[in-house]
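As stored in target_28.pdb (PDB, C-alpha atoms):
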```pdb
ATOM      1  CA  MET B   1       0.000   0.000   0.000
ATOM      2  CA  ALA B   2       1.371   3.404  -0.994
ATOM      3  CA  VAL B   3       1.679   5.644   2.070
ATOM      4  CA  ALA B   4       2.635   9.295   2.580
ATOM      5  CA  THR B   5       2.898  11.401   5.745
ATOM      6  CA  ARG B   6       3.738  15.005   6.556
ATOM      7  CA  SER B   7       3.768  17.064   9.775
ATOM      8  CA  ASP B   8       4.625  20.733  10.244
ATOM      9  CA  THR B   9       4.596  23.234  13.065
ATOM     10  CA  PRO B  10       4.031  26.824  11.908
ATOM     11  CA  GLY B  11       6.194  29.735  12.938
ATOM     12  CA  ASP B  12       4.962  33.059  14.287
ATOM     13  CA  GLY B  13       4.192  34.374  10.811
ATOM     14  CA  GLU B  14       1.779  31.513  10.108
ATOM     15  CA  LEU B  15      -0.628  32.162  12.955
ATOM     16  CA  SER B  16      -4.178  32.399  11.618
ATOM     17  CA  ALA B  17      -7.144  34.188  13.111
ATOM     18  CA  THR B  18      -9.491  31.332  12.172
ATOM     19  CA  TYR B  19      -9.990  28.356  14.430
ATOM     20  CA  THR B  20     -10.215  25.734  11.706
ATOM     21  CA  ARG B  21      -7.424  24.484   9.516
ATOM     22  CA  GLY B  22      -8.125  23.478   5.942
ATOM     23  CA  PHE B  23      -6.828  20.465   4.013
ATOM     24  CA  THR B  24      -7.222  19.984   0.251
ATOM     25  CA  ILE B  25      -7.289  16.576  -1.425
ATOM     26  CA  THR B  26      -6.554  16.797  -5.158
ATOM     27  CA  ASN B  27      -7.293  13.866  -7.432
ATOM     28  CA  LEU B  28      -4.659  13.712 -10.190
ATOM     29  CA  SER B  29      -5.347  10.051 -10.912
ATOM     30  CA  SER B  30      -7.481   8.636 -13.706
ATOM     31  CA  HIS B  31     -10.025   7.266 -11.206
ATOM     32  CA  PRO B  32     -12.910   9.069  -9.489
ATOM     33  CA  LEU B  33     -12.799   9.030  -5.676
ATOM     34  CA  LYS B  34     -16.077   8.540  -3.800
ATOM     35  CA  LEU B  35     -16.236   9.612  -0.150
ATOM     36  CA  LEU B  36     -17.479   6.658   1.906
ATOM     37  CA  SER B  37     -17.034   7.736   5.521
ATOM     38  CA  VAL B  38     -15.566  10.295   7.895
ATOM     39  CA  ALA B  39     -14.340   9.263  11.346
ATOM     40  CA  GLY B  40     -11.720  10.231  13.939
ATOM     41  CA  ASN B  41     -11.533  12.720  16.799
ATOM     42  CA  THR B  42     -13.972  15.044  15.071
ATOM     43  CA  HIS B  43     -15.864  18.149  16.126
ATOM     44  CA  GLN B  44     -19.373  19.295  15.266
ATOM     45  CA  GLU B  45     -18.017  22.383  13.528
ATOM     46  CA  ASP B  46     -15.658  20.487  11.236
ATOM     47  CA  GLY B  47     -16.275  21.096   7.545
ATOM     48  CA  VAL B  48     -16.505  17.924   5.479
ATOM     49  CA  PRO B  49     -17.877  17.091   1.995
ATOM     50  CA  THR B  50     -21.138  15.199   1.670
ATOM     51  CA  ILE B  51     -20.854  11.453   2.141
ATOM     52  CA  GLY B  52     -21.235   9.859  -1.285
ATOM     53  CA  SER B  53     -19.836  12.867  -3.140
ATOM     54  CA  THR B  54     -17.243  12.197  -5.829
ATOM     55  CA  VAL B  55     -13.934  13.876  -6.598
ATOM     56  CA  GLU B  56     -13.489  13.570 -10.353
ATOM     57  CA  PRO B  57     -10.005  13.313 -11.909
ATOM     58  CA  GLY B  58      -8.391  16.735 -12.028
ATOM     59  CA  PHE B  59     -10.525  18.214  -9.251
ATOM     60  CA  SER B  60     -10.200  18.753  -5.501
ATOM     61  CA  THR B  61     -12.210  18.571  -2.309
ATOM     62  CA  ARG B  62     -11.619  20.355   0.987
ATOM     63  CA  PHE B  63     -11.877  19.450   4.672
ATOM     64  CA  GLU B  64     -11.853  21.883   7.607
ATOM     65  CA  VAL B  65     -10.586  20.507  10.941
ATOM     66  CA  THR B  66     -11.559  22.446  14.059
ATOM     67  CA  TRP B  67      -8.708  23.668  16.249
ATOM     68  CA  LEU B  68      -9.331  23.975  19.971
ATOM     69  CA  TYR B  69      -6.458  25.180  22.142
ATOM     70  CA  GLY B  70      -4.556  22.278  23.655
ATOM     71  CA  ALA B  71      -6.741  19.630  22.001
ATOM     72  CA  TYR B  72      -5.943  16.989  19.400
ATOM     73  CA  ARG B  73      -8.340  16.777  16.458
ATOM     74  CA  ASP B  74      -8.300  14.705  13.320
ATOM     75  CA  ILE B  75     -10.505  13.662  10.419
ATOM     76  CA  LYS B  76     -10.053  10.224   8.903
ATOM     77  CA  ALA B  77     -11.646  10.102   5.463
ATOM     78  CA  GLN B  78     -12.133   6.903   3.490
ATOM     79  CA  PHE B  79     -12.726   7.015  -0.268
ATOM     80  CA  ALA B  80     -13.578   4.287  -2.751
ATOM     81  CA  VAL B  81     -11.427   4.299  -5.888
ATOM     82  CA  LEU B  82     -13.775   3.775  -8.852
ATOM     83  CA  ASP B  83     -13.217   2.400 -12.336
ATOM     84  CA  ALA B  84     -14.734   3.908 -15.494
ATOM     85  CA  GLN B  85     -18.038   2.116 -14.826
ATOM     86  CA  GLY B  86     -18.261   3.440 -11.259
ATOM     87  CA  THR B  87     -17.345   0.117  -9.643
ATOM     88  CA  PRO B  88     -15.077   0.240  -6.549
ATOM     89  CA  ILE B  89     -11.638  -1.223  -7.245
ATOM     90  CA  GLY B  90      -9.791  -0.104  -4.110
ATOM     91  CA  THR B  91      -9.660   2.447  -1.302
ATOM     92  CA  TYR B  92      -7.892   5.687  -0.474
ATOM     93  CA  HIS B  93      -7.470   6.813   3.143
ATOM     94  CA  ALA B  94      -6.524  10.305   4.293
ATOM     95  CA  THR B  95      -5.947  11.485   7.860
ATOM     96  CA  MET B  96      -5.853  15.226   8.552
ATOM     97  CA  LYS B  97      -4.682  16.354  12.016
ATOM     98  CA  VAL B  98      -4.632  19.574  14.032
ATOM     99  CA  PHE B  99      -2.900  19.586  17.433
ATOM    100  CA  GLN B 100      -1.091  21.907  19.865
ATOM    101  CA  THR B 101       2.694  21.693  20.196
ATOM    102  CA  ASN B 102       3.523  25.388  20.065
ATOM    103  CA  PRO B 103       2.089  28.157  22.261
ATOM    104  CA  VAL B 104       1.902  30.392  19.192
ATOM    105  CA  GLY B 105      -0.475  28.225  17.175
ATOM    106  CA  PRO B 106      -1.492  24.730  16.123
ATOM    107  CA  SER B 107       0.501  22.145  14.248
ATOM    108  CA  ILE B 108      -1.068  20.353  11.310
ATOM    109  CA  ALA B 109      -0.191  17.006   9.776
ATOM    110  CA  SER B 110      -1.528  14.650   7.147
ATOM    111  CA  GLU B 111      -1.015  11.095   6.040
ATOM    112  CA  ALA B 112      -2.556   9.006   3.284
ATOM    113  CA  ALA B 113      -2.550   5.549   1.749
ATOM    114  CA  ILE B 114      -4.036   3.856  -1.328
ATOM    115  CA  SER B 115      -4.632   0.227  -2.276
ATOM    116  CA  PRO B 116      -1.562  -1.502  -3.762
ATOM    117  CA  GLY B 117      -1.089  -1.066  -7.494
ATOM    118  CA  LEU B 118      -3.646   1.717  -7.896
ATOM    119  CA  GLY B 119      -1.234   4.615  -7.693
ATOM    120  CA  GLU B 120       0.783   6.761  -5.352
ATOM    121  CA  VAL B 121      -0.131   9.373  -2.760
ATOM    122  CA  GLN B 122       1.467  12.576  -1.562
ATOM    123  CA  ALA B 123       0.792  14.217   1.802
ATOM    124  CA  GLY B 124       2.023  17.786   2.197
ATOM    125  CA  ARG B 125       1.416  20.100   5.125
ATOM    126  CA  ASP B 126      -2.192  20.739   4.133
ATOM    127  CA  GLN B 127      -2.215  19.434   0.559
ATOM    128  CA  LEU B 128      -2.869  15.767  -0.242
ATOM    129  CA  THR B 129      -2.633  14.371  -3.765
ATOM    130  CA  VAL B 130      -3.688  11.101  -5.379
ATOM    131  CA  LEU B 131      -1.906  10.018  -8.584
ATOM    132  CA  ASP B 132      -1.658   7.005 -10.859
ATOM    133  CA  MET B 133       1.580   5.049 -10.924
ATOM    134  CA  PRO B 134       4.438   7.043 -12.501
ATOM    135  CA  GLY B 135       4.622   6.695 -16.281
ATOM    136  CA  THR B 136       1.023   5.536 -16.761
ATOM    137  CA  VAL B 137       0.078   5.761 -20.464
ATOM    138  CA  VAL B 138      -3.378   5.054 -21.894
ATOM    139  CA  ASP B 139      -3.524   4.565 -25.686
ATOM    140  CA  VAL B 140      -6.893   5.062 -27.374
ATOM    141  CA  PRO B 141      -6.709   4.013 -31.058
ATOM    142  CA  ALA B 142      -8.437   5.643 -34.014
ATOM    143  CA  GLY B 143     -12.031   4.562 -34.405
ATOM    144  CA  GLN B 144     -12.777   4.635 -30.669
ATOM    145  CA  GLY B 145     -14.697   7.880 -31.054
ATOM    146  CA  GLN B 146     -16.871   7.566 -27.968
ATOM    147  CA  GLN B 147     -13.973   6.798 -25.633
ATOM    148  CA  GLN B 148     -11.915   9.596 -27.173
ATOM    149  CA  ALA B 149     -14.811  12.026 -26.767
ATOM    150  CA  GLU B 150     -15.273  11.099 -23.100
ATOM    151  CA  ILE B 151     -11.600  11.784 -22.352
ATOM    152  CA  LEU B 152     -11.602  15.097 -24.226
ATOM    153  CA  ASP B 153     -14.849  16.184 -22.564
ATOM    154  CA  ARG B 154     -13.532  15.301 -19.104
ATOM    155  CA  PHE B 155     -10.106  16.903 -19.302
ATOM    156  CA  CYS B 156      -9.915  19.527 -22.048
ATOM    157  CA  ALA B 157     -12.441  22.156 -20.987
ATOM    158  CA  GLY B 158     -12.826  23.452 -17.468
ATOM    159  CA  ASN B 159     -10.466  20.950 -15.858
ATOM    160  CA  PRO B 160      -8.026  22.940 -13.713
ATOM    161  CA  SER B 161      -5.279  20.299 -13.619
ATOM    162  CA  ALA B 162      -5.092  18.703 -17.087
ATOM    163  CA  THR B 163      -3.320  19.849 -20.255
ATOM    164  CA  CYS B 164      -4.346  19.003 -23.829
ATOM    165  CA  THR B 165      -2.268  19.266 -27.000
ATOM    166  CA  PHE B 166      -2.800  18.280 -30.651
ATOM    167  CA  VAL B 167      -0.147  17.218 -33.177
ATOM    168  CA  PRO B 168      -1.149  16.861 -36.877
ATOM    169  CA  THR B 169      -0.130  13.586 -38.527
ATOM    170  CA  GLY B 170      -1.691  13.875 -41.987
ATOM    171  CA  ARG B 171      -3.723  15.963 -44.412
ATOM    172  CA  ASP B 172      -6.086  14.849 -47.201
ATOM    173  CA  LYS B 173      -6.883  17.586 -49.724
ATOM    174  CA  ASN B 174      -9.118  15.298 -51.806
ATOM    175  CA  ALA B 175     -11.696  14.409 -49.171
ATOM    176  CA  TYR B 176     -15.450  14.914 -49.392
ATOM    177  CA  THR B 177     -18.329  14.762 -46.970
ATOM    178  CA  GLY B 178     -20.831  11.941 -47.149
ATOM    179  CA  MET B 179     -23.672  12.229 -49.642
ATOM    180  CA  HIS B 180     -26.623  14.276 -48.373
ATOM    181  CA  PRO B 181     -29.458  16.375 -49.866
ATOM    182  CA  ALA B 182     -28.835  20.041 -50.608
ATOM    183  CA  LYS B 183     -31.353  22.587 -49.401
ATOM    184  CA  GLY B 184     -34.430  22.804 -51.603
ATOM    185  CA  ILE B 185     -36.875  20.464 -53.368
ATOM    186  CA  VAL B 186     -38.511  21.151 -56.747
ATOM    187  CA  TYR B 187     -42.163  20.039 -57.140
ATOM    188  CA  ASN B 188     -43.797  19.479 -60.532
ATOM    189  CA  ASN B 189     -47.502  19.162 -59.746
ATOM    190  CA  THR B 190     -48.549  19.290 -63.412
ATOM    191  CA  PRO B 191     -49.354  16.700 -66.116
ATOM    192  CA  LEU B 192     -46.406  17.917 -68.215
ATOM    193  CA  GLU B 193     -42.678  17.299 -67.965
ATOM    194  CA  GLN B 194     -40.851  20.368 -66.669
ATOM    195  CA  PHE B 195     -37.400  21.468 -67.782
ATOM    196  CA  ASP B 196     -35.751  24.381 -66.003
ATOM    197  CA  GLN B 197     -32.641  25.566 -64.157
ATOM    198  CA  TYR B 198     -32.583  25.934 -60.393
ATOM    199  CA  THR B 199     -30.025  26.900 -57.766
ATOM    200  CA  TRP B 200     -29.415  24.831 -54.668
ATOM    201  CA  THR B 201     -27.334  25.794 -51.637
ATOM    202  CA  ASP B 202     -25.537  23.676 -49.069
ATOM    203  CA  THR B 203     -23.725  24.951 -45.981
ATOM    204  CA  ALA B 204     -20.606  23.123 -44.805
ATOM    205  CA  SER B 205     -18.815  23.800 -41.519
ATOM    206  CA  VAL B 206     -15.967  22.321 -39.498
ATOM    207  CA  THR B 207     -16.801  18.785 -38.326
ATOM    208  CA  HIS B 208     -14.844  16.149 -36.407
ATOM    209  CA  SER B 209     -14.664  12.394 -35.923
ATOM    210  CA  VAL B 210     -15.635  12.533 -32.230
ATOM    211  CA  GLU B 211     -18.917  13.704 -30.714
ATOM    212  CA  LEU B 212     -17.848  16.598 -28.494
ATOM    213  CA  SER B 213     -20.033  18.437 -26.015
ATOM    214  CA  ALA B 214     -20.691  22.104 -26.701
ATOM    215  CA  SER B 215     -18.629  23.125 -23.669
ATOM    216  CA  VAL B 216     -15.431  21.495 -24.938
ATOM    217  CA  GLN B 217     -15.850  21.954 -28.691
ATOM    218  CA  ALA B 218     -14.806  25.613 -28.888
ATOM    219  CA  THR B 219     -11.730  25.021 -26.725
ATOM    220  CA  LEU B 220     -10.554  22.007 -28.714
ATOM    221  CA  LEU B 221     -11.145  23.573 -32.116
ATOM    222  CA  LYS B 222      -8.964  26.495 -31.077
ATOM    223  CA  ILE B 223      -6.178  24.117 -29.962
ATOM    224  CA  VAL B 224      -6.390  22.244 -33.274
ATOM    225  CA  GLU B 225      -6.526  25.379 -35.419
ATOM    226  CA  VAL B 226      -3.430  26.850 -33.761
ATOM    227  CA  SER B 227      -1.543  23.585 -34.302
ATOM    228  CA  LEU B 228      -2.606  23.335 -37.962
ATOM    229  CA  SER B 229      -1.594  26.926 -38.579
ATOM    230  CA  ALA B 230       1.852  26.275 -37.109
ATOM    231  CA  THR B 231       2.305  23.063 -39.122
ATOM    232  CA  TYR B 232       0.737  23.906 -42.483
ATOM    233  CA  GLY B 233       0.202  27.655 -42.376
ATOM    234  CA  HIS B 234      -3.478  26.768 -42.756
ATOM    235  CA  THR B 235      -6.352  28.885 -41.491
ATOM    236  CA  TRP B 236      -9.690  27.138 -41.215
ATOM    237  CA  THR B 237     -12.763  28.202 -43.112
ATOM    238  CA  GLN B 238     -15.241  27.739 -40.294
ATOM    239  CA  GLU B 239     -18.317  27.752 -42.547
ATOM    240  CA  HIS B 240     -19.108  28.159 -46.242
ATOM    241  CA  GLN B 241     -22.292  28.067 -48.309
ATOM    242  CA  PHE B 242     -21.815  26.231 -51.602
ATOM    243  CA  SER B 243     -24.131  27.193 -54.476
ATOM    244  CA  ILE B 244     -24.998  24.781 -57.312
ATOM    245  CA  SER B 245     -27.056  25.765 -60.385
ATOM    246  CA  GLN B 246     -28.344  22.866 -62.475
ATOM    247  CA  THR B 247     -31.044  22.092 -65.015
ATOM    248  CA  LEU B 248     -33.577  19.555 -63.817
ATOM    249  CA  ASN B 249     -35.941  17.505 -66.013
ATOM    250  CA  LEU B 250     -38.938  16.558 -63.908
ATOM    251  CA  PRO B 251     -41.624  14.158 -65.179
ATOM    252  CA  ALA B 252     -45.240  14.993 -64.426
ATOM    253  CA  TYR B 253     -46.140  14.806 -60.726
ATOM    254  CA  HIS B 254     -42.559  14.285 -59.591
ATOM    255  CA  LYS B 255     -40.307  16.089 -57.157
ATOM    256  CA  GLY B 256     -36.567  16.483 -57.485
ATOM    257  CA  TRP B 257     -33.476  17.651 -55.652
ATOM    258  CA  LEU B 258     -29.694  17.364 -55.594
ATOM    259  CA  ASP B 259     -27.731  14.992 -53.388
ATOM    260  CA  VAL B 260     -24.314  16.535 -52.797
ATOM    261  CA  ARG B 261     -20.881  15.824 -51.377
ATOM    262  CA  ASP B 262     -19.021  18.938 -50.261
ATOM    263  CA  PRO B 263     -15.235  19.214 -50.746
ATOM    264  CA  VAL B 264     -13.302  19.351 -47.467
ATOM    265  CA  VAL B 265      -9.733  19.397 -46.205
ATOM    266  CA  ARG B 266      -9.405  16.484 -43.765
ATOM    267  CA  ASP B 267      -6.746  16.972 -41.096
ATOM    268  CA  THR B 268      -5.867  14.022 -38.875
ATOM    269  CA  GLY B 269      -3.758  14.045 -35.741
ATOM    270  CA  ASP B 270      -3.206  12.839 -32.195
ATOM    271  CA  PHE B 271      -4.325  14.427 -28.949
ATOM    272  CA  THR B 272      -2.183  14.110 -25.837
ATOM    273  CA  VAL B 273      -3.910  14.654 -22.497
ATOM    274  CA  THR B 274      -1.765  14.882 -19.359
ATOM    275  CA  LEU B 275      -2.913  14.727 -15.734
ATOM    276  CA  GLY B 276      -0.412  14.103 -12.947
ATOM    277  CA  ASN B 277       1.496  10.891 -13.725
ATOM    278  CA  THR B 278      -0.939   9.862 -16.472
ATOM    279  CA  THR B 279      -0.852  10.483 -20.212
ATOM    280  CA  TRP B 280      -3.697   9.660 -22.595
ATOM    281  CA  LYS B 281      -2.815   9.363 -26.281
ATOM    282  CA  LEU B 282      -5.804   9.661 -28.604
ATOM    283  CA  HIS B 283      -4.832   8.565 -32.095
ATOM    284  CA  GLY B 284      -6.350   9.396 -35.466
ATOM    285  CA  VAL B 285      -8.787  12.169 -34.535
ATOM    286  CA  SER B 286      -9.864  13.933 -37.743
ATOM    287  CA  PHE B 287     -11.307  17.354 -38.541
ATOM    288  CA  ASP B 288     -12.975  18.394 -41.813
ATOM    289  CA  SER B 289     -13.081  22.020 -42.946
ATOM    290  CA  PRO B 290     -14.743  23.361 -46.131
ATOM    291  CA  ASP B 291     -12.465  23.499 -49.195
ATOM    292  CA  LEU B 292     -13.327  26.457 -51.415
ATOM    293  CA  THR B 293     -10.939  25.409 -54.204
ATOM    294  CA  ARG B 294     -12.897  22.375 -55.481
ATOM    295  CA  PRO B 295     -16.431  21.894 -56.827
ATOM    296  CA  VAL B 296     -19.276  20.065 -55.145
ATOM    297  CA  ILE B 297     -20.085  16.541 -56.346
ATOM    298  CA  TYR B 298     -23.812  16.220 -57.051
ATOM    299  CA  VAL B 299     -26.370  13.639 -58.169
ATOM    300  CA  LYS B 300     -29.792  14.624 -59.530
ATOM    301  CA  GLN B 301     -32.737  12.851 -57.919
ATOM    302  CA  ALA B 302     -36.408  12.593 -58.932
ATOM    303  CA  VAL B 303     -39.229  10.547 -57.401
ATOM    304  CA  PRO B 304     -43.039  10.573 -57.698
ATOM    305  CA  MET B 305     -44.814  13.045 -55.440
ATOM    306  CA  THR B 306     -46.668  11.538 -52.498
ATOM    307  CA  PRO B 307     -50.432  12.013 -52.066
ATOM    308  CA  GLU B 308     -49.626  14.540 -49.363
ATOM    309  CA  ASP B 309     -47.309  16.417 -51.750
ATOM    310  CA  LEU B 310     -50.026  16.539 -54.416
ATOM    311  CA  VAL B 311     -52.397  18.238 -51.977
ATOM    312  CA  LYS B 312     -49.862  20.562 -50.385
ATOM    313  CA  TYR B 313     -48.320  21.797 -53.653
ATOM    314  CA  LYS B 314     -51.486  21.914 -55.788
ATOM    315  CA  PRO B 315     -51.410  24.932 -58.146
ATOM    316  CA  GLY B 316     -53.985  27.653 -57.729
ATOM    317  CA  ASN B 317     -56.206  29.347 -60.301
ATOM    318  CA  GLY B 318     -58.572  26.390 -60.597
ATOM    319  CA  PHE B 319     -55.890  24.049 -61.928
ATOM    320  CA  ASP B 320     -57.347  20.731 -63.133
ATOM    321  CA  PRO B 321     -54.739  17.941 -63.414
ATOM    322  CA  ASP B 322     -56.894  16.184 -66.037
ATOM    323  CA  VAL B 323     -56.666  19.170 -68.388
ATOM    324  CA  GLN B 324     -53.471  20.245 -70.135
ATOM    325  CA  ALA B 325     -51.919  23.008 -68.068
ATOM    326  CA  THR B 326     -51.207  26.478 -69.324
ATOM    327  CA  GLU B 327     -47.783  28.064 -68.964
ATOM    328  CA  GLY B 328     -49.066  30.042 -65.995
ATOM    329  CA  ASP B 329     -50.279  26.880 -64.312
ATOM    330  CA  ARG B 330     -46.915  25.208 -64.756
ATOM    331  CA  THR B 331     -45.115  28.200 -63.280
ATOM    332  CA  ALA B 332     -47.377  28.103 -60.254
ATOM    333  CA  ALA B 333     -46.851  24.388 -59.842
ATOM    334  CA  VAL B 334     -43.072  24.270 -59.962
ATOM    335  CA  GLY B 335     -40.601  25.767 -57.514
ATOM    336  CA  LEU B 336     -38.066  25.279 -54.765
ATOM    337  CA  SER B 337     -39.325  24.737 -51.241
TER     338      SER B 337
END
```
Would you mind writing the file's structure down as structure tokens?
Amino acid sequence: MAVATRSDTPGDGELSATYTRGFTITNLSSHPLKLLSVAGNTHQEDGVPTIGSTVEPGFSTRFEVTWLYGAYRDIKAQFAVLDAQGTPIGTYHATMKVFQTNPVGPSIASEAAISPGLGEVQAGRDQLTVLDMPGTVVDVPAGQGQQQAEILDRFCAGNPSATCTFVPTGRDKNAYTGMHPAKGIVYNNTPLEQFDQYTWTDTASVTHSVELSASVQATLLKIVEVSLSATYGHTWTQEHQFSISQTLNLPAYHKGWLDVRDPVVRDTGDFTVTLGNTTWKLHGVSFDSPDLTRPVIYVKQAVPMTPEDLVKYKPGNGFDPDVQATEGDRTAAVGLS
């Protein structure tokens, strides 16, 4: 079992006007710590976290031990060490002490221990730290998008103790998005074939291979953009609206549209996340940004209108589908929606 202890007696300059002494436990391991119990020579005015509360990796919790002149006080806190599924896999114990050895003020001391093999502990004067074993490395390969996203969400936005970096490993200037419909559908609710030119638009923006929460997305995209600029001299186009004008032949009572694939620059790289003794390496994370130098790939589509379409897009002016339409009727019946 890893054990750490520390005891200090303050000098005159460290005398405090308060009659509690605070201790901070910082979790720099990869495991959440769940507070199970608080025992010891406690006092009703001690300040302790709620039983059952969790200290997530990268965050801290604080205990206040009451100091009474000439008395010995301590708080003995027991935590469960949890795995990624929230199952206990070991324990962490911390003892925080306040006692009188100096007429000027109290002495404070701390000691801590963790289950064998789960990490190491540090006990400073009033600062206690939990870490993984030195040199711990967690590799997350490409394709593990959900696991990569969970790590980035946990450590790369709002975590006071972790650092996140991105290193580009490759660039594909011939990539495209998946096929999807452009904005706009043409309806021909007439008994005649229609032949005309229309303009479709499609908006492309920066996308990525992991599903990031809104809180972390802006932070990570900035990290990636700075790294890409340093490596390639590349500045992202955050968003671009592509415009495609095409002639569409629509049979009677059909609707049509364009399926498109937008050109993108696909940058791939590795994230490195560091917390205490632990390093996560997230491989093959990719980011697509609109490429304004290449044309959109498109496929024309046409299918019969549904009964609902025929009612919704019925031309006005007393149009009768059993009678040949006039030019005005056809104009009223055809358009982008």
Original post:
Do you know which residues the PyMOL selection byres ((chain B and resi 62-67) around 12) returns on this file, as a PyMOL selection string?
Top reply: chain B and resi 16-27+35+38-50+53+55+59-61+68-77+94-100+105-110+126-129
Subject >> Residue IDs satisfying the PyMOL selection byres ((chain B and resi 195-209) around 8), as a PyMOL selection string >> reply: chain B and resi 145+182-184+193-194+210-211+237-250+258+262+285-290+336
Original post:
What lies within 10 Å of Leu118 (chain B) using all atoms listed in the file, ignoring chain neighbours under 2 positions off, as a list in words?
Top reply: Met1, Ala2, Ser29, Ser30, His31, Val81, Ile89, Gly90, Thr91, Tyr92, Ile114, Ser115, Pro116, Glu120, Val121, Val130, Leu131, Asp132 and Met133 of chain B
**OP:** For region 294-301 of chain B, please output as a PyMOL selection string all residues within 6 Å (counting all atoms listed in the file; exclusion window: fewer than 4 positions along the same chain).
**Re:** chain B and resi 256-262
Subject >> Using all atoms listed in the file: which of B:Val140, B:Leu275, B:Leu212, B:Ala157 has the shortest distance to Pro57 (chain B) >> reply: B:Leu275
**OP:** Work out how far CA of Ala218 (chain B) is from CA of Gly269 (chain B), in Å to one decimal.
**Re:**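 Spanning CA of Gly269 (chain B) to CA of Ala218 (chain B) is a straight-line distance of 17.4 Å.
Pairwise distance (CA of Thr268 (chain B), CA of Pro160 (chain B)) equals 26.8 Å.
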What would region 134-148 of chain B look like with N, CA and C atoms restored, written as a short mmCIF file (atom, residue, chain, number, x, y, z; two decimals), keeping the file's coordinate frame?
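Saved the output as selection-v1.cif:
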```cif
data_model
loop_
_atom_site.label_atom_id
_atom_site.label_comp_id
_atom_site.auth_asym_id
_atom_site.auth_seq_id
_atom_site.Cartn_x
_atom_site.Cartn_y
_atom_site.Cartn_z
N PRO B 134 3.62 6.24 -11.58
CA PRO B 134 4.44 7.04 -12.50
C PRO B 134 4.56 6.38 -13.87
N GLY B 135 4.46 7.20 -14.92
CA GLY B 135 4.62 6.70 -16.28
C GLY B 135 3.40 6.01 -16.86
N THR B 136 2.24 6.17 -16.24
CA THR B 136 1.02 5.54 -16.76
C THR B 136 0.65 6.15 -18.11
N VAL B 137 0.46 5.31 -19.12
CA VAL B 137 0.08 5.76 -20.46
C VAL B 137 -1.15 4.97 -20.91
N VAL B 138 -2.16 5.68 -21.38
CA VAL B 138 -3.38 5.05 -21.89
C VAL B 138 -3.49 5.39 -23.37
N ASP B 139 -3.40 4.37 -24.24
CA ASP B 139 -3.52 4.57 -25.69
C ASP B 139 -4.96 4.29 -26.11
N VAL B 140 -5.54 5.23 -26.84
CA VAL B 140 -6.89 5.06 -27.37
C VAL B 140 -6.79 5.15 -28.89
N PRO B 141 -6.96 4.03 -29.61
CA PRO B 141 -6.71 4.01 -31.06
C PRO B 141 -7.78 4.75 -31.85
N ALA B 142 -7.46 5.04 -33.11
CA ALA B 142 -8.44 5.64 -34.01
C ALA B 142 -9.65 4.73 -34.13
N GLY B 143 -10.80 5.33 -34.30
CA GLY B 143 -12.03 4.56 -34.40
C GLY B 143 -12.78 4.41 -33.10
N GLN B 144 -12.12 4.70 -31.98
CA GLN B 144 -12.78 4.64 -30.67
C GLN B 144 -13.31 6.03 -30.32
N GLY B 145 -14.23 6.50 -31.17
CA GLY B 145 -14.70 7.88 -31.05
C GLY B 145 -15.35 8.20 -29.73
N GLN B 146 -16.17 7.28 -29.21
CA GLN B 146 -16.87 7.57 -27.97
C GLN B 146 -15.90 7.68 -26.80
N GLN B 147 -14.95 6.74 -26.72
CA GLN B 147 -13.97 6.80 -25.63
C GLN B 147 -13.10 8.05 -25.75
N GLN B 148 -12.70 8.39 -26.98
CA GLN B 148 -11.92 9.60 -27.17
C GLN B 148 -12.70 10.83 -26.75
#
```
